[in-house]
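Student: Starting off with a structure, shown below.
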Amino acid sequence: MKLERLLAIVMKLLNKDQVTARELAEEFEVSVRTIQRDMDSINMAGIPIVSTKGVNGGYSIVKEFKIRNGFLKEDEHELLMTALNGVLKAYGDQQLQHIIDKLNVLKATSRQNKRSTIQLDFSGWGKAEKRSEKVQILKEAIESQRVVSFTYIDMNGNHSVRKVEPLTLLLKLNKWYVYAYCLLRNDFRLFKLGRMREVNVLQEKAATHVDIPSIPSYHQGGKEVTLTLKFSKHALNQLEDFFEFEDLQFGEDGLFYLTETFPEDEWIYRMLLSLGDEVEVLKPDHVRHMLKERAKKIYDLY
């Protein structure tokens, strides 16, 4: 009951300029002394309460802290909450949860039964405990400016022990990355958290970098190739993970065609192989040859 009363008091303070202790005591059927203790509890929780004495006195929330209901329209509040809750699923930070709680209080009295028409989920499939643990470790290292060590597995399966000075965490397409200065390569690099093992924060202090390059796209600067692809109709369920359906051309033979430019790296070959016999590379010839050789190696294994 106390928690419910505290939340109700906060809601009232957010929606009114000032409230007296007597008014609150009568509304919640408690003593004025109980209301005074409640105000101390709210203040200790991080919501700054101001007490004004006199005939026109009472309790209020510091104006700089307070966001009025009129600040956000209903649809704006709903969209903001949708985005924040989607991020929270991938980034379970306590500070982010506090922001959501404050915004929930702000609009708690309106549209309570309305279900959001959009839901966002930036988390990946499967268990997220280990991924979240890495995110928190790196976040703490960035905030404390500490060097981090880990074993890194690149896309070719090669292992290397790295020491880096982490700068920024990046969530992109359900995947977490850390942008850092690599002490092994003496350069700024983007590391995928899913390929990091044995992540440890060291006592070594990270250097302060002034001229930090912007975070590159993951394939920036690499060789590109323009592919002409043919897909069977059974490939549609898989295609949505890699392509936009608007880019597909529907042939009279009932098949789907696409011409698109991609970075020519390990990812593109693995993606094409993952589609199995549902895709055929029509052009260029060297990609056809590469896939044929890789398929042959797979065949030889069995």
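Identifiers in this document derive from the order of the structure tokens: chains are assigned A, B, ..., residues are numbered from 1 separately in each chain, and ligands are numbered from 1 in order of occurrence.
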Excluding Lys292 in chain A and residues on its chain fewer than 3 positions from it, collect all residues at most 12 Å away from it, counting only C-alpha atoms, and give them as number ranges by chain.
Tutor: A: 269, 272-273, 276-277, 280-281, 285-289, 295-299
Student: Pull the helix (DSSP H, G or I) assignments for range 137-258 of chain A out of DSSP run on the backbone, and list those residues as a ChimeraX atom specification.
Tutor: /A:137-144,193-195,233-239,245-247
Student: Take the residues just selected and output them with C-alpha atoms as a CSV table (one decimal), in the first residue's frame.
Tutor:
chain,number,residue,atom,x,y,z
A,137,ILE,CA,31.3,-5.2,-18.8
A,138,LEU,CA,32.2,-3.0,-21.8
A,139,LYS,CA,29.9,-0.2,-20.7
A,140,GLU,CA,31.6,-0.1,-17.3
A,141,ALA,CA,35.0,-0.2,-19.0
A,142,ILE,CA,34.1,2.8,-21.2
A,143,GLU,CA,32.8,4.8,-18.2
A,144,SER,CA,35.8,4.1,-16.1
A,193,LEU,CA,30.6,-8.9,-29.3
A,194,GLY,CA,29.4,-12.3,-30.5
A,195,ARG,CA,33.0,-13.1,-31.5
A,233,LYS,CA,9.6,-19.3,-54.7
A,234,HIS,CA,10.4,-21.4,-51.6
A,235,ALA,CA,13.2,-19.0,-50.7
A,236,LEU,CA,10.9,-16.1,-49.8
A,237,ASN,CA,10.9,-16.9,-46.1
A,238,GLN,CA,14.7,-16.6,-46.0
A,239,LEU,CA,15.0,-13.7,-48.4
A,245,PHE,CA,10.9,-7.6,-51.5
A,246,GLU,CA,10.4,-4.4,-53.4
A,247,ASP,CA,13.8,-5.0,-55.1
Student: Within 12 Å of range 160-162 of chain A, counting only C-alpha atoms, which residues qualify if same-chain residues fewer than 6 places away don't, as a ChimeraX atom specification?
Tutor: /A:147-154,180-186,189,191,195-201
Student: Just the selected residues (N, CA and C atoms), exported as a short mmCIF file (atom, residue, chain, number, x, y, z; two decimals), in the first residue's frame, please.
Tutor:
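In the end it all went to out-v2.cif:
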data_model
loop_
_atom_site.label_atom_id
_atom_site.label_comp_id
_atom_site.auth_asym_id
_atom_site.auth_seq_id
_atom_site.Cartn_x
_atom_site.Cartn_y
_atom_site.Cartn_z
N VAL A 147 41.23 -0.36 -19.94
CA VAL A 147 41.57 -1.23 -21.06
C VAL A 147 40.87 -2.57 -20.87
N VAL A 148 40.44 -3.16 -21.98
CA VAL A 148 39.75 -4.45 -21.95
C VAL A 148 40.55 -5.47 -22.76
N SER A 149 40.63 -6.68 -22.25
CA SER A 149 41.29 -7.77 -22.99
C SER A 149 40.26 -8.84 -23.32
N PHE A 150 40.46 -9.53 -24.45
CA PHE A 150 39.56 -10.61 -24.84
C PHE A 150 40.20 -11.42 -25.96
N THR A 151 39.67 -12.61 -26.16
CA THR A 151 40.06 -13.43 -27.30
C THR A 151 39.05 -13.19 -28.40
N TYR A 152 39.54 -12.88 -29.61
CA TYR A 152 38.65 -12.55 -30.72
C TYR A 152 38.75 -13.59 -31.82
N ILE A 153 37.59 -14.01 -32.33
CA ILE A 153 37.53 -14.98 -33.42
C ILE A 153 37.01 -14.26 -34.66
N ASP A 154 37.83 -14.13 -35.70
CA ASP A 154 37.38 -13.41 -36.88
C ASP A 154 36.51 -14.29 -37.77
N ALA A 180 36.57 0.54 -30.72
CA ALA A 180 37.67 0.67 -29.78
C ALA A 180 38.99 0.92 -30.49
N TYR A 181 39.95 1.41 -29.73
CA TYR A 181 41.31 1.55 -30.25
C TYR A 181 42.05 0.27 -29.90
N CYS A 182 42.47 -0.48 -30.92
CA CYS A 182 43.13 -1.76 -30.73
C CYS A 182 44.63 -1.54 -30.52
N LEU A 183 45.14 -1.99 -29.38
CA LEU A 183 46.55 -1.82 -29.05
C LEU A 183 47.43 -2.79 -29.82
N LEU A 184 46.83 -3.85 -30.38
CA LEU A 184 47.59 -4.79 -31.20
C LEU A 184 47.80 -4.24 -32.60
N ARG A 185 46.76 -3.64 -33.18
CA ARG A 185 46.83 -3.11 -34.54
C ARG A 185 47.18 -1.62 -34.58
N ASN A 186 47.17 -0.97 -33.39
CA ASN A 186 47.42 0.47 -33.32
C ASN A 186 46.49 1.26 -34.24
N ARG A 189 39.16 0.10 -34.40
CA ARG A 189 38.51 -1.06 -35.00
C ARG A 189 37.11 -1.26 -34.42
N PHE A 191 34.59 -4.24 -33.28
CA PHE A 191 34.60 -5.65 -32.89
C PHE A 191 33.17 -6.11 -32.60
N ARG A 195 31.74 -12.45 -31.24
CA ARG A 195 33.01 -13.13 -31.54
C ARG A 195 34.04 -12.93 -30.44
N MET A 196 33.63 -12.26 -29.37
CA MET A 196 34.54 -11.99 -28.26
C MET A 196 34.38 -13.04 -27.17
N ARG A 197 35.47 -13.55 -26.66
CA ARG A 197 35.48 -14.53 -25.58
C ARG A 197 36.40 -14.04 -24.46
N GLU A 198 36.09 -14.47 -23.23
CA GLU A 198 36.95 -14.16 -22.07
C GLU A 198 37.21 -12.66 -21.96
N VAL A 199 36.13 -11.90 -21.89
CA VAL A 199 36.23 -10.44 -21.81
C VAL A 199 36.56 -10.04 -20.37
N ASN A 200 37.64 -9.27 -20.20
CA ASN A 200 38.06 -8.83 -18.87
C ASN A 200 38.44 -7.36 -18.88
N VAL A 201 38.03 -6.67 -17.83
CA VAL A 201 38.43 -5.27 -17.66
C VAL A 201 39.72 -5.25 -16.85
#
Student: Among range 128-178 of chain A, which ones does DSSP assign to strand (DSSP E or B) (computed from the backbone)? Answer as a ChimeraX atom specification.
Tutor: /A:146-153,159-172,175-178
Student: So how many Å separate CA of Pro213 in chain A and CA of Asp187 in chain A, to one decimal?
Tutor: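 Pair CA of Pro213 in chain A / CA of Asp187 in chain A returns 10.1 Å.
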Student: In Å to one decimal, how far is CA of Lys223 in chain A from CA of Lys192 in chain A?
Tutor: 20.3 Å
Student: Work out how far CA of Ala45 in chain A is from CA of Gly57 in chain A, in Å to one decimal.
Tutor: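 The value is 22.7 Å.
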Student: Between A:Phe231, A:Tyr59, A:Trp267, A:Tyr177, which residue has the minimum interatomic distance to Arg131 in chain A, considering only C-alpha atoms?
Tutor: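 For Arg131 in chain A, the nearest of the given residues is A:Tyr177.
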Student: Could you check the closest approach to Asp40 in chain A for each of A:Glu27, A:Lys130, A:Leu6, A:Thr208 and tell me which residue wins, using only C-alpha atoms?
Tutor: A:Leu6
Student: Using only C-alpha atoms, which of the listed residues (A:Ser232, A:Thr168, A:Thr259, A:Gln145) sits closest to Leu202 in chain A?
Tutor: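 Looking at the shortest contact to Leu202 in chain A, the residue is A:Gln145.
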